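Chemist: Structure supplied as data19.cif; contents: mmCIF, C-alpha atoms.
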```
data_target
#
loop_
_atom_site.label_atom_id
_atom_site.label_comp_id
_atom_site.auth_asym_id
_atom_site.auth_seq_id
_atom_site.Cartn_x
_atom_site.Cartn_y
_atom_site.Cartn_z
CA MET A 11 85.85 -53.72 -6.81
CA ARG A 12 82.38 -54.83 -7.61
CA LYS A 13 81.26 -53.71 -4.11
CA ILE A 14 82.81 -50.30 -4.63
CA PHE A 15 81.03 -49.97 -7.97
CA ILE A 16 77.67 -50.88 -6.43
CA CYS A 17 78.21 -48.46 -3.54
CA SER A 18 79.17 -45.59 -5.79
CA LEU A 19 76.16 -46.31 -8.04
CA ALA A 20 73.88 -46.24 -5.04
CA LEU A 21 75.48 -42.99 -3.88
CA ALA A 22 75.09 -41.46 -7.35
CA LEU A 23 71.47 -42.46 -7.47
CA ALA A 24 70.92 -41.00 -4.01
CA VAL A 25 72.58 -37.73 -5.04
CA LEU A 26 70.49 -37.62 -8.21
CA ALA A 27 67.29 -38.41 -6.32
CA ALA A 28 67.87 -35.86 -3.58
CA PRO A 29 66.79 -32.70 -5.56
CA ALA A 30 63.71 -34.52 -6.82
CA GLN A 31 62.81 -35.47 -3.30
CA ALA A 32 63.43 -31.92 -2.19
CA GLN A 33 61.31 -30.67 -5.10
CA ASN A 34 58.49 -33.05 -4.12
CA LEU A 35 58.66 -31.78 -0.59
CA SER A 36 58.49 -28.12 -1.64
CA VAL A 37 55.54 -28.76 -4.02
CA GLU A 38 53.73 -30.50 -1.18
CA SER A 39 54.39 -27.62 1.20
CA VAL A 40 53.20 -25.06 -1.39
CA LYS A 41 50.09 -27.16 -1.93
CA ASN A 42 49.51 -27.27 1.81
CA SER A 43 49.96 -23.54 2.23
CA ILE A 44 47.58 -22.90 -0.70
CA ARG A 45 45.07 -25.25 0.90
CA GLY A 46 45.49 -23.37 4.16
CA LEU A 47 45.03 -20.01 2.48
CA ARG A 48 41.98 -21.30 0.63
CA ASP A 49 40.46 -22.55 3.88
CA ASN A 50 41.17 -19.23 5.60
CA PHE A 51 39.68 -17.37 2.66
CA LYS A 52 36.57 -19.55 2.82
CA VAL A 53 36.19 -18.85 6.52
CA GLU A 54 36.66 -15.10 5.93
CA ILE A 55 34.09 -15.08 3.11
CA LYS A 56 31.62 -17.00 5.26
CA LYS A 57 32.18 -14.49 8.08
CA ASP A 58 31.67 -11.55 5.69
CA ILE A 59 28.46 -13.08 4.31
CA LYS A 60 27.20 -13.75 7.83
CA ASN A 61 28.01 -10.16 8.87
CA ALA A 62 26.36 -8.74 5.76
CA ASN A 63 23.24 -10.85 6.37
CA GLU A 64 23.13 -9.75 9.99
CA THR A 65 23.52 -6.09 9.02
CA LYS A 66 20.75 -6.49 6.45
CA LYS A 67 18.52 -8.19 8.99
CA GLU A 68 19.17 -5.40 11.49
CA LEU A 69 18.39 -2.77 8.84
CA ARG A 70 15.21 -4.63 7.87
CA ASN A 71 14.12 -4.70 11.51
CA GLN A 72 14.83 -0.99 11.94
CA ILE A 73 12.89 -0.16 8.77
CA GLN A 74 9.99 -2.38 9.78
CA GLU A 75 9.92 -0.64 13.16
CA LYS A 76 9.85 2.76 11.42
CA ARG A 77 7.11 1.52 9.09
CA GLY A 78 5.08 0.45 12.11
CA GLU A 79 5.52 3.90 13.66
CA PHE A 80 4.51 5.56 10.37
CA GLN A 81 1.38 3.40 10.09
CA ALA A 82 0.49 4.09 13.72
CA GLU A 83 0.90 7.83 13.13
CA VAL A 84 -1.30 7.65 10.04
CA ARG A 85 -3.99 5.73 11.94
CA GLN A 86 -3.86 8.19 14.83
CA ASN A 87 -4.13 11.22 12.53
CA ARG A 88 -7.05 9.61 10.73
CA GLU A 89 -8.86 8.83 14.00
CA GLU A 90 -8.28 12.32 15.40
CA PHE A 91 -9.59 13.86 12.19
CA LYS A 92 -12.66 11.60 12.25
CA ILE A 93 -13.48 12.60 15.83
CA LYS A 94 -12.96 16.32 15.10
CA LEU A 95 -15.07 16.13 11.93
CA GLU A 96 -17.92 14.37 13.74
CA ALA A 97 -17.85 16.93 16.57
CA ASN A 98 -17.94 19.79 14.04
CA ARG A 99 -20.83 18.13 12.17
CA VAL A 100 -22.94 17.80 15.32
CA GLU A 101 -22.24 21.41 16.20
CA VAL A 102 -23.04 22.69 12.70
CA LYS A 103 -26.32 20.73 12.57
CA ASN A 104 -27.54 22.59 15.64
CA ARG A 105 -26.52 25.90 14.11
CA ILE A 106 -28.24 25.07 10.81
CA ALA A 107 -31.45 24.24 12.71
CA ASN A 108 -31.32 27.64 14.42
CA GLN A 109 -30.63 29.41 11.12
CA LYS A 110 -33.63 27.67 9.56
CA GLU A 111 -35.86 29.12 12.25
CA GLU A 112 -34.38 32.56 11.61
CA LEU A 113 -34.98 32.13 7.88
CA LYS A 114 -38.62 31.24 8.50
CA THR A 115 -39.03 34.51 10.40
CA ARG A 116 -37.33 36.50 7.66
CA LEU A 117 -39.44 34.92 4.93
CA LYS A 118 -42.70 35.75 6.68
CA ASP A 119 -43.04 38.96 4.70
CA ILE A 120 -42.43 37.24 1.35
CA LYS A 121 -45.76 36.73 -0.38
CA ASP A 122 -44.66 34.43 -3.21
CA GLU A 123 -44.98 30.90 -1.77
CA ARG A 124 -42.98 29.36 -4.63
CA LYS A 125 -40.04 31.65 -3.84
CA LYS A 126 -40.33 30.79 -0.15
CA THR A 127 -40.29 27.04 -0.85
CA LEU A 128 -37.41 27.45 -3.28
CA THR A 129 -35.39 29.49 -0.76
CA PHE A 130 -35.83 26.80 1.91
CA LYS A 131 -34.84 24.17 -0.61
CA ILE A 132 -31.68 26.09 -1.58
CA SER A 133 -30.79 26.51 2.09
CA ASP A 134 -31.00 22.71 2.54
CA GLN A 135 -29.09 22.12 -0.71
CA ILE A 136 -26.27 24.41 0.42
CA ALA A 137 -25.92 22.58 3.74
CA ALA A 138 -26.14 19.17 2.02
CA LEU A 139 -23.56 20.12 -0.61
CA ASN A 140 -21.12 21.33 2.04
CA GLU A 141 -21.46 18.00 3.86
CA LYS A 142 -21.20 16.01 0.63
CA MET A 143 -18.07 17.80 -0.56
CA THR A 144 -16.30 17.69 2.82
CA ASN A 145 -17.04 13.94 2.90
CA HIS A 146 -15.75 13.58 -0.64
CA PHE A 147 -12.54 15.48 0.07
CA SER A 148 -12.01 13.45 3.27
CA ALA A 149 -12.32 10.25 1.25
CA VAL A 150 -9.83 11.59 -1.30
CA LEU A 151 -7.36 12.31 1.51
CA SER A 152 -7.78 8.81 2.94
CA ASN A 153 -7.10 7.40 -0.51
CA LEU A 154 -4.01 9.61 -0.89
CA GLU A 155 -2.80 8.50 2.52
CA ASN A 156 -3.17 4.83 1.51
CA ILE A 157 -1.16 5.50 -1.62
CA LEU A 158 1.47 7.30 0.46
CA GLU A 159 1.74 4.24 2.73
CA ARG A 160 2.38 2.10 -0.34
CA ILE A 161 5.06 4.54 -1.51
CA ALA A 162 6.68 4.30 1.94
CA SER A 163 6.48 0.50 1.83
CA ARG A 164 8.21 0.38 -1.57
CA ALA A 165 10.84 2.88 -0.36
CA ASP A 166 11.51 0.59 2.62
CA LYS A 167 12.16 -2.32 0.26
CA ALA A 168 14.52 -0.17 -1.78
CA GLU A 169 16.39 0.91 1.35
CA ILE A 170 16.77 -2.69 2.54
CA ASN A 171 18.38 -3.36 -0.83
CA GLY A 172 20.86 -0.54 -0.34
CA ARG A 173 19.23 2.17 -2.46
CA ASP A 174 19.33 5.85 -1.49
CA VAL A 175 15.74 6.79 -0.67
CA SER A 176 16.38 10.09 1.15
CA SER A 177 14.60 12.16 -1.54
CA VAL A 178 11.56 9.84 -1.35
CA ARG A 179 11.48 10.15 2.45
CA THR A 180 11.60 13.97 2.23
CA ALA A 181 8.78 13.94 -0.34
CA ILE A 182 6.71 11.57 1.84
CA LYS A 183 7.09 13.92 4.83
CA ALA A 184 6.02 16.88 2.68
CA ALA A 185 3.01 14.92 1.42
CA GLN A 186 2.05 13.94 4.98
CA ALA A 187 2.18 17.60 6.01
CA ALA A 188 0.08 18.58 2.98
CA ILE A 189 -2.52 15.94 3.86
CA GLU A 190 -2.67 17.20 7.44
CA ASP A 191 -3.11 20.80 6.24
CA ALA A 192 -5.95 19.68 3.98
CA ARG A 193 -7.59 17.79 6.86
CA THR A 194 -7.47 20.86 9.08
CA ALA A 195 -9.08 22.91 6.30
CA ILE A 196 -11.80 20.28 5.77
CA ALA A 197 -12.61 20.11 9.48
CA THR A 198 -12.96 23.92 9.54
CA GLN A 199 -15.12 23.82 6.41
CA ALA A 200 -17.36 21.12 7.89
CA ALA A 201 -18.07 23.44 10.83
CA LYS A 202 -19.41 26.19 8.57
CA ALA A 203 -23.09 26.98 8.19
CA TYR A 204 -24.32 29.30 5.43
CA ASN A 205 -26.92 31.78 6.54
CA LEU A 206 -29.32 33.07 3.88
CA VAL A 207 -29.89 36.73 4.78
CA VAL A 208 -33.00 37.63 2.81
CA THR A 209 -33.97 41.27 3.22
CA ASP A 210 -36.61 41.82 0.56
CA GLU A 211 -38.60 39.89 -2.03
CA SER A 212 -37.09 41.95 -4.85
CA THR A 213 -33.52 41.11 -3.81
CA ILE A 214 -34.14 37.50 -2.79
CA ARG A 215 -32.23 36.08 -5.75
CA THR A 216 -29.15 38.22 -5.06
CA ASP A 217 -29.30 37.48 -1.33
CA VAL A 218 -29.49 33.73 -1.82
CA GLY A 219 -26.85 33.98 -4.56
CA LYS A 220 -24.44 35.58 -2.08
CA ALA A 221 -24.56 32.52 0.20
CA ARG A 222 -24.05 30.30 -2.84
CA GLN A 223 -21.01 32.35 -3.87
CA VAL A 224 -19.47 32.13 -0.40
CA LEU A 225 -19.92 28.35 -0.35
CA HIS A 226 -18.45 28.04 -3.86
CA GLY A 227 -15.42 30.13 -2.85
CA ASP A 228 -14.88 28.12 0.31
CA LEU A 229 -15.16 24.76 -1.44
CA SER A 230 -12.86 25.95 -4.25
CA ALA A 231 -10.24 26.86 -1.65
CA ILE A 232 -10.58 23.41 -0.03
CA ARG A 233 -10.35 21.76 -3.44
CA SER A 234 -7.07 23.62 -4.12
CA ILE A 235 -5.64 22.50 -0.79
CA VAL A 236 -6.62 18.88 -1.49
CA GLN A 237 -5.15 19.24 -4.97
CA SER A 238 -1.87 20.39 -3.39
CA ALA A 239 -1.88 17.27 -1.21
CA HIS A 240 -2.51 15.17 -4.33
CA GLN A 241 0.42 16.88 -6.06
CA ALA A 242 2.65 16.30 -3.01
CA VAL A 243 1.85 12.56 -3.07
CA LYS A 244 2.51 12.56 -6.83
CA ASN A 245 5.92 14.13 -6.19
CA ALA A 246 6.75 11.33 -3.74
CA ALA A 247 5.66 8.76 -6.34
CA VAL A 248 7.86 10.42 -8.97
CA LYS A 249 10.87 10.38 -6.63
CA LEU A 250 10.19 6.71 -5.96
CA ALA A 251 9.91 5.86 -9.66
CA GLN A 252 13.31 7.50 -10.27
CA ILE A 253 15.06 4.73 -8.28
CA PRO A 254 16.46 2.19 -10.79
CA ASN A 255 14.63 -1.17 -10.94
CA ILE A 256 12.36 -0.05 -8.11
CA ASP A 257 9.60 -2.55 -8.93
CA LYS A 258 12.01 -5.50 -8.83
CA LEU A 259 13.19 -4.91 -5.27
CA ASP A 260 11.54 -6.64 -2.36
CA ASP A 261 12.12 -7.39 1.32
CA ASN A 262 14.17 -10.53 0.69
CA SER A 263 15.82 -9.48 -2.55
CA GLU A 264 19.55 -10.10 -2.88
CA ASN A 265 19.62 -7.89 -5.95
CA ASN A 266 22.16 -5.29 -4.92
CA MET B 6 -10.87 -80.25 -1.87
CA ASN B 7 -11.03 -77.97 1.18
CA GLN B 8 -7.59 -76.62 0.40
CA SER B 9 -8.57 -75.64 -3.16
CA ILE B 10 -11.68 -73.85 -1.86
CA LEU B 11 -9.57 -71.92 0.62
CA ILE B 12 -7.12 -70.97 -2.14
CA ALA B 13 -10.02 -69.81 -4.36
CA ILE B 14 -11.46 -67.71 -1.50
CA ALA B 15 -8.04 -66.19 -0.83
CA VAL B 16 -7.62 -65.31 -4.53
CA ILE B 17 -11.07 -63.70 -4.63
CA LEU B 18 -10.33 -61.70 -1.47
CA VAL B 19 -7.02 -60.50 -2.89
CA ALA B 20 -8.78 -59.52 -6.13
CA LEU B 21 -11.49 -57.62 -4.23
CA ALA B 22 -8.88 -55.83 -2.12
CA GLY B 23 -7.06 -54.87 -5.33
CA ILE B 24 -10.23 -53.49 -6.95
CA TRP B 25 -11.12 -51.55 -3.77
CA PHE B 26 -7.58 -50.06 -3.58
CA TRP B 27 -7.69 -49.01 -7.24
CA MET B 28 -11.12 -47.39 -6.89
CA TYR B 29 -10.12 -45.56 -3.68
CA ASN B 30 -6.98 -44.18 -5.30
CA SER B 31 -8.74 -42.92 -8.44
CA ALA B 32 -11.47 -41.26 -6.29
CA THR B 33 -8.87 -39.44 -4.14
CA GLU B 34 -7.02 -38.23 -7.24
CA THR B 35 -10.20 -36.82 -8.80
CA LYS B 36 -11.07 -35.06 -5.53
CA SER B 37 -7.63 -33.48 -5.16
CA GLU B 38 -7.68 -32.37 -8.81
CA GLN B 39 -11.05 -30.72 -8.30
CA THR B 40 -9.85 -28.99 -5.11
CA THR B 41 -6.75 -27.67 -6.88
CA ALA B 42 -8.87 -26.40 -9.75
CA ASN B 43 -11.26 -24.68 -7.33
CA VAL B 44 -8.42 -23.05 -5.43
CA GLU B 45 -6.93 -21.82 -8.69
CA THR B 46 -10.19 -20.33 -9.96
CA GLU B 47 -10.91 -18.72 -6.59
CA ASN B 48 -7.49 -17.15 -6.34
CA GLU B 49 -7.43 -15.67 -9.82
CA PRO B 50 -9.93 -12.82 -9.36
CA GLN B 51 -8.62 -12.06 -5.88
CA SER B 52 -5.06 -11.63 -7.04
CA SER B 53 -6.06 -9.51 -10.01
CA SER B 54 -8.30 -7.24 -7.94
CA ALA B 55 -5.76 -6.97 -5.14
CA ALA B 56 -3.03 -6.17 -7.64
CA SER B 57 -4.05 -2.58 -8.24
CA GLN B 58 -5.10 -1.66 -4.68
CA ASP B 59 -2.49 -3.42 -2.60
CA SER B 60 0.44 -3.51 -4.97
CA ASP B 61 3.21 -1.10 -4.01
CA THR B 62 4.93 -1.13 -7.39
CA ALA B 63 5.64 2.32 -8.79
CA SER B 64 3.47 1.62 -11.84
CA ALA B 65 0.44 0.55 -9.75
CA ILE B 66 0.90 3.57 -7.46
CA GLY B 67 1.13 5.89 -10.48
CA ALA B 68 -2.03 4.42 -11.98
CA ASP B 69 -3.95 4.84 -8.71
CA LEU B 70 -2.76 8.42 -8.35
CA GLU B 71 -3.98 9.20 -11.85
CA SER B 72 -7.41 7.78 -11.03
CA VAL B 73 -7.90 10.06 -8.00
CA ASP B 74 -10.93 12.24 -8.77
CA LEU B 75 -11.26 15.56 -6.94
CA GLY B 76 -14.68 16.15 -8.43
CA SER B 77 -16.14 19.09 -10.35
CA LEU B 78 -17.57 21.90 -8.24
CA ASN B 79 -19.44 23.43 -11.17
CA GLU B 80 -21.25 20.13 -11.72
CA GLU B 81 -22.14 19.91 -8.04
CA PHE B 82 -23.54 23.47 -8.01
CA LYS B 83 -25.77 22.92 -11.04
CA ALA B 84 -28.88 21.98 -9.03
CA ILE B 85 -28.47 24.99 -6.68
CA ASP B 86 -27.88 27.35 -9.61
CA GLN B 87 -31.04 26.12 -11.35
CA ASN B 88 -33.09 26.82 -8.24
CA ILE B 89 -31.50 30.27 -7.76
CA ASN B 90 -32.38 31.10 -11.36
CA GLY B 91 -35.96 30.17 -10.53
CA LEU B 92 -36.22 32.82 -7.82
#
```
Please rewrite the model in this file as structure tokens.
Modeler:
Amino acid sequence: MRKIFICSLALALAVLAAPAQAQNLSVESVKNSIRGLRDNFKVEIKKDIKNANETKKELRNQIQEKRGEFQAEVRQNREEFKIKLEANRVEVKNRIANQKEELKTRLKDIKDERKKTLTFKISDQIAALNEKMTNHFSAVLSNLENILERIASRADKAEINGRDVSSVRTAIKAAQAAIEDARTAIATQAAKAYNLVVTDESTIRTDVGKARQVLHGDLSAIRSIVQSAHQAVKNAAVKLAQIPNIDKLDDNSENN
Amino acid sequence: MNQSILIAIAVILVALAGIWFWMYNSATETKSEQTTANVETENEPQSSSAASQDSDTASAIGADLESVDLGSLNEEFKAIDQNINGL
């Protein structure tokens, strides 16, 4: 009897313990599956991060390559312009020398020595001013080009960080074209020589004034073209400044 | 007697080595401090001057664009005009 009692007690305990055991088993399996999911998730996240970093690295390389091409193009344009300008200067110096000889012949009949001296001086001043202003405008264009390179560099950083810089790129291209137009105009201007056609002592002031007027008109036109290039670079800078937090973005920024 | 002399010499040598080590260390520290200070003072003007020309921040670019001077043609023609008026 006692044995039966002990056996039935053991059986009852086993029956009572069975659901608990089963419950323990199911909790363990849920825990395991959660752990598995978490591990898978971690692996996936790591993969995604790795892919994103690789994509970013690839984009950075592409942009750096483009930047290199842009800088090479700028250098080439600058060199070509320098060579053309120098060639035009040499050519114009020869022409100015010839014109000076012609002027001497024309001024032979002028009796007033002071007027003669002054006319020669003005002829030299006109040539010198043309050279000075074409040099000045060339320097302005080089400065604008440097600024444009910095705009492009900042746009690159923004693009690496996922910003839309298409409007900045369009404005940069327009500015580059404007700078090239201005350079062509300056090279043409540098090749110009202003001939003082003096016909008579009584009209000498008007005759010399005509050459002065032509030079003024030409330089004003060049100034307007350079001003347009300046405005085009400004437009690119404005487009750049419109990108949110533009100054905080850099090559290695993770600030997306 | 000999042993005590040897001990005294050893103590003196240890003391001298200690003094030399202390002096060497303090000299090196002063030198490195001076070098750091020099590097700092040399870098300051460079970074401030480079900031406006090399910086590609929108604000620095804007400031440089504003400072571009196209020049005044009327000013440049003044000397020629004076001489023309003298004809």
Chemist: Just need the residues of chain B within 10 Å of chain A, counting only C-alpha atoms, so spit them out as a ChimeraX atom specification.
Modeler: /B:58-67,69-71,73-79,81-82,84-92
Chemist: Any idea what the distance is between CA of Glu68 (chain A) and CA of Gln186 (chain A)?
Modeler: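 Between these atoms lies a distance of 26.6 Å.
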Chemist: Using CA of Val100 (chain A) and CA of Tyr204 (chain A) as the two end points, give the distance in Å to one decimal.
Modeler: 15.2 Å
Chemist: Centre and edge lengths, as lines of an AutoDock Vina configuration file, for the axis-aligned box enclosing every listed atom of region 98-109 of chain A with 6 Å of padding on each of the six sides, in Å to one decimal?
Modeler:
```
center_x = -24.7
center_y = 23.6
center_z = 13.5
size_x = 25.5
size_y = 23.6
size_z = 17.4
```
Chemist: Could you check how far CA of Arg173 (chain A) sits from CA of Lys66 (chain A), in Å to one decimal?
Modeler: 12.5 Å
Chemist: Rank nothing, just name the residue among A:Asn61, A:Ala221, A:Phe130, A:Leu47 nearest to Glu111 (chain A), using all atoms listed in the file.
Modeler: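 With all atoms listed in the file as the atom set, the closest residue is A:Phe130.
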Chemist: On this structure, the PyMOL selection byres ((chain A and resi 77-94) around 9) would catch which residues? List them as a list in words, sorted by chain and number.
Modeler: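 In the shown coordinates, the PyMOL selection byres ((chain A and resi 77-94) around 9) covers Gln72, Ile73, Gln74, Glu75, Lys76, Leu95, Glu96, Ala97, Asn98, Arg99, Ser152, Glu155, Glu159, Ala162, Ser163, Asp166, Gln186, Glu190, Arg193, Thr194 and Ala197 of chain A.
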